[in-house]
>>> print(open('protein34.txt').read())   # compact mmCIF, C-alpha atoms
# COMPACT_ATOMS: atom_id res chain seq x y z
CA SER R 1 3.94 18.22 -1.12
CA LYS R 2 3.84 19.45 -4.69
CA ALA R 3 7.23 17.89 -5.40
CA SER R 4 5.97 14.45 -4.38
CA ALA R 5 2.77 15.01 -6.40
CA GLU R 6 4.85 15.88 -9.45
CA ALA R 7 7.02 12.79 -8.90
CA GLN R 8 3.92 10.57 -8.65
CA ALA R 9 2.38 12.23 -11.70
CA SER R 10 5.58 11.78 -13.64
CA ALA R 11 5.69 8.09 -12.69
CA ALA R 12 2.09 7.76 -13.88
CA GLY R 13 2.93 9.51 -17.14
CA GLU R 14 1.09 12.71 -16.18
CA SER R 15 2.63 16.13 -15.72
CA GLY R 16 1.68 18.55 -12.96
CA GLY R 17 0.08 20.66 -15.70
CA ASP R 18 -2.06 17.70 -16.82
CA LEU R 19 -3.22 17.13 -13.27
CA LEU R 20 -4.00 20.82 -12.82
CA SER R 21 -5.95 20.86 -16.08
CA ARG R 22 -7.94 17.81 -14.97
CA LEU R 23 -8.67 19.47 -11.61
CA LYS R 24 -9.86 22.64 -13.36
CA GLU R 25 -12.12 20.56 -15.64
CA LYS R 26 -13.65 18.78 -12.65
CA LEU R 27 -14.22 22.08 -10.85
CA ALA R 28 -15.90 23.56 -13.94
CA ALA R 29 -18.11 20.47 -14.20
CA LEU R 30 -19.60 21.29 -10.79
CA SER R 31 -21.58 24.23 -12.21
CA LYS R 32 -24.13 22.05 -14.01
CA PRO R 33 -25.29 19.91 -11.04
CA VAL R 34 -25.09 22.89 -8.66
CA GLY R 35 -27.27 24.93 -11.02
CA ALA R 36 -29.73 22.05 -11.38
CA VAL R 37 -30.02 21.56 -7.60
CA LEU R 38 -30.54 25.29 -7.03
CA SER R 39 -33.12 25.49 -9.81
CA ILE R 40 -35.10 22.52 -8.48
CA ARG R 41 -34.98 23.87 -4.93
CA SER R 42 -36.21 27.23 -6.20
CA ASP R 43 -39.07 25.54 -8.07
CA MET R 44 -39.98 23.58 -4.94
CA GLU R 45 -40.03 26.73 -2.82
CA ARG R 46 -42.34 28.41 -5.36
CA GLY R 47 -44.58 25.33 -5.50
CA VAL R 48 -43.91 24.65 -9.18
CA GLY R 49 -44.73 21.09 -10.32
CA SER R 50 -45.44 17.93 -8.40
CA HIS R 51 -43.63 17.84 -5.06
CA SER R 52 -42.83 14.11 -5.34
CA LEU R 53 -41.50 14.56 -8.89
CA GLN R 54 -39.41 17.55 -7.81
CA GLN R 55 -38.10 15.57 -4.82
CA SER R 56 -37.11 12.72 -7.13
CA ARG R 57 -35.38 15.12 -9.53
CA LEU R 58 -33.63 16.79 -6.58
CA SER R 59 -32.35 13.44 -5.29
CA ASP R 60 -31.01 12.56 -8.76
CA GLN R 61 -29.26 15.91 -9.13
CA GLU R 62 -27.84 15.75 -5.58
CA MET R 63 -26.34 12.35 -6.43
CA ARG R 64 -24.83 13.85 -9.61
CA LEU R 65 -23.46 16.70 -7.52
CA PHE R 66 -22.04 14.25 -4.98
CA LYS R 67 -20.31 12.35 -7.83
CA ALA R 68 -18.95 15.60 -9.28
CA LEU R 69 -17.63 16.61 -5.85
CA GLU R 70 -16.02 13.21 -5.43
CA ASP R 71 -14.35 13.65 -8.86
CA VAL R 72 -13.01 17.03 -7.71
CA ARG R 73 -11.68 15.50 -4.47
CA ILE R 74 -9.93 12.70 -6.36
CA ALA R 75 -8.42 15.14 -8.86
CA ALA R 76 -7.32 17.46 -6.04
CA ASP R 77 -5.73 14.56 -4.14
CA ARG R 78 -3.88 13.47 -7.30
CA PHE R 79 -2.66 17.03 -7.90
CA ASP R 80 -1.64 17.62 -4.27
CA PRO R 81 -1.84 14.38 -2.23
CA PRO R 82 -2.62 14.73 1.47
CA SER R 83 0.53 14.30 3.51
CA ASN R 84 -1.20 12.25 6.18
CA LEU R 85 -4.76 11.29 7.00
CA PRO R 86 -6.26 12.77 10.15
CA THR R 87 -7.03 10.45 13.04
CA ARG R 88 -10.77 11.07 12.52
CA SER R 89 -10.63 9.15 9.22
CA ARG R 90 -9.96 5.98 11.19
CA LEU R 91 -13.16 6.26 13.25
CA ARG R 92 -16.51 4.74 12.27
CA CYS R 93 -19.65 6.87 12.56
CA SER R 94 -21.27 6.34 15.95
CA ARG R 95 -24.75 5.76 14.44
CA SER R 96 -25.45 2.04 14.88
CA GLY R 97 -25.17 0.24 11.55
CA CYS R 98 -23.63 3.15 9.65
CA PRO R 99 -20.70 1.91 7.50
CA TYR R 100 -19.03 5.32 7.05
CA SER R 101 -16.11 7.09 8.70
CA VAL R 102 -16.79 10.19 10.78
CA HIS R 103 -16.76 13.45 8.83
CA TRP R 104 -13.38 15.15 8.73
CA ARG R 105 -14.89 18.34 10.17
CA GLU R 106 -14.84 18.19 13.94
CA ALA R 107 -18.02 20.30 14.00
CA VAL R 108 -19.93 17.16 12.94
CA GLY R 109 -18.86 15.34 16.10
CA GLY R 110 -18.75 11.53 16.05
CA PHE R 111 -20.95 11.18 12.98
CA CYS R 112 -20.48 10.94 9.22
CA CYS R 113 -22.98 13.78 8.67
CA LEU R 114 -25.66 15.74 10.50
CA THR R 115 -28.43 13.94 8.64
CA CYS R 116 -27.15 10.58 9.92
CA PHE R 117 -27.03 12.02 13.43
CA ARG R 118 -30.63 13.22 13.15
CA THR R 119 -32.35 10.56 11.03
CA GLY R 120 -30.00 7.69 10.19
CA THR R 121 -30.01 8.60 6.48
CA HIS R 122 -27.23 10.48 4.70
CA GLY R 123 -27.28 14.08 3.54
CA PRO R 124 -25.49 15.91 0.72
CA ARG R 125 -22.50 16.78 2.94
CA CYS R 126 -21.92 13.15 3.91
CA GLU R 127 -18.59 12.09 2.43
CA ARG R 128 -19.75 8.45 2.29
CA ASN R 129 -16.24 7.18 2.95
CA LYS R 130 -16.40 3.55 4.08
CA ALA R 131 -14.79 3.11 7.48
CA PRO R 132 -11.70 0.89 7.48
CA MET R 133 -12.23 -2.74 8.48
CA GLY R 134 -12.13 -3.00 12.26
CA ALA R 135 -12.38 0.77 12.75
CA GLU R 136 -13.09 2.00 16.24
CA VAL R 137 -16.60 3.43 16.64
CA ALA R 138 -16.62 7.15 17.47
CA ASP R 139 -18.07 8.37 20.73
CA CYS R 140 -21.74 9.24 20.07
CA THR R 141 -21.57 11.99 22.70
CA GLN R 142 -18.55 13.61 21.05
CA GLU R 143 -19.25 17.34 20.94
CA PRO R 144 -17.85 19.70 18.32
CA VAL R 145 -14.43 21.08 19.15
CA GLY R 146 -14.06 24.82 19.76
CA ASP R 147 -16.49 26.99 21.65
CA GLN R 148 -17.27 29.09 18.55
CA HIS R 149 -19.45 26.24 17.29
CA PRO R 150 -22.88 25.35 18.72
CA PRO R 151 -23.45 21.86 20.18
CA LEU R 152 -23.98 19.16 17.55
CA GLY R 153 -27.73 18.95 18.03
CA GLU R 154 -28.01 22.68 17.30
CA VAL R 155 -25.89 22.72 14.12
CA SER R 156 -28.19 23.48 11.20
CA ALA R 157 -27.24 23.28 7.54
CA GLU R 158 -26.86 27.06 7.53
CA ASN R 159 -24.63 26.97 10.61
CA LEU R 160 -22.52 24.20 9.07
CA ALA R 161 -22.17 26.24 5.87
CA GLN R 162 -20.92 29.19 7.96
CA ILE R 163 -18.55 26.89 9.88
CA GLU R 164 -17.21 25.56 6.56
CA LEU R 165 -16.69 29.10 5.27
CA ASP R 166 -14.94 30.13 8.49
CA GLU R 167 -12.68 27.05 8.24
CA ALA R 168 -11.84 27.74 4.60
CA VAL R 169 -10.94 31.36 5.39
CA ARG R 170 -8.86 30.28 8.40
CA LEU R 171 -7.01 27.62 6.37
CA SER R 172 -6.34 30.03 3.50
CA LYS R 173 -4.37 32.41 5.73
>>> encode(input="protein34.txt", output="structure tokens")
Amino acid sequence: SKASAEAQASAAGESGGDLLSRLKEKLAALSKPVGAVLSIRSDMERGVGSHSLQQSRLSDQEMRLFKALEDVRIAADRFDPPSNLPTRSRLRCSRSGCPYSVHWREAVGGFCCLTCFRTGTHGPRCERNKAPMGAEVADCTQEPVGDQHPPLGEVSAENLAQIELDEAVRLSK
């Protein structure tokens, strides 16, 4: 709750306004890596420059974007701490050898991200949250919840983006 966030901020010597300002700064900082990723992807689609160089630049910028997103999440959690962690956060990804917790979105099933499900590597939407020590491994056949979502194997990046948008709209009501 906001009251508990303000109490924690006060104990840490930060006001709710300071935390909000920090969150706004972190959100504004997203524009640079997002713009860079979009620009590089556009260049790659047009065939500008060396593909391997563009891929390397894209990977670097995606890591910067991931870091910026993590900074936003941390600032948001400090401003308005989650009241309780969902059960999914206590499950390890079902990909053998993956050290991460399953993604909080049920649409991703028992995996940390769709890229891990498909290839064993981690994509830009992977939260990369280390699973707790001794975490139970998720069921690798776990299907997405809700019949409005396609089966996990059929969820593309575009479908996941639409699912995320639908979730955000639903949660904002």
>>> closest_residue(input="protein34.txt", among="R:Ser21, R:Thr87, R:Ser94, R:Ser59", to="R:Gly123", atoms="all atoms listed in the file")
R:Ser59
>>> residues_around(input="protein34.txt", residues="stretch 31-48 of chain R", least_positions_apart="6", cutoff="9 Å", atoms="all atoms listed in the file", output="VMD selection string")
chain R and resid 54 to 55 57 to 59 61 to 66 68
>>> atom_distance(input="protein34.txt", atom1="atom CA of R:Glu127", atom2="atom CA of R:Gly17")
27.4 Å
>>> closest_residue(input="protein34.txt", among="R:Glu70, R:Leu19, R:Cys93, R:Arg105", to="R:Ala135", atoms="all atoms listed in the file")
R:Cys93
>>> closest_residue(input="protein34.txt", among="R:Arg78, R:Pro124, R:Glu25, R:Arg88", to="R:Ala107", atoms="all atoms listed in the file")
R:Arg88
>>> atom_distance(input="protein34.txt", atom1="atom CA of R:Leu53", atom2="atom CA of R:Arg125")
22.5 Å
>>> closest_residue(input="protein34.txt", among="R:Ala131, R:Val72, R:Val102, R:Cys140", to="R:Leu30", atoms="only C-alpha atoms")
R:Val72
>>> atom_distance(input="protein34.txt", atom1="atom CA of R:Cys116", atom2="atom CA of R:Ala138")
13.4 Å
>>> residues_around(input="protein34.txt", residues="R:Ser96", least_positions_apart="5", cutoff="12 Å", atoms="only C-alpha atoms", output="number ranges by chain")
R: 110-112, 116-117, 119-121, 137-140
>>> closest_residue(input="protein34.txt", among="R:Thr141, R:Thr115, R:Pro99, R:Leu69", to="R:Asn129", atoms="only C-alpha atoms")
R:Pro99
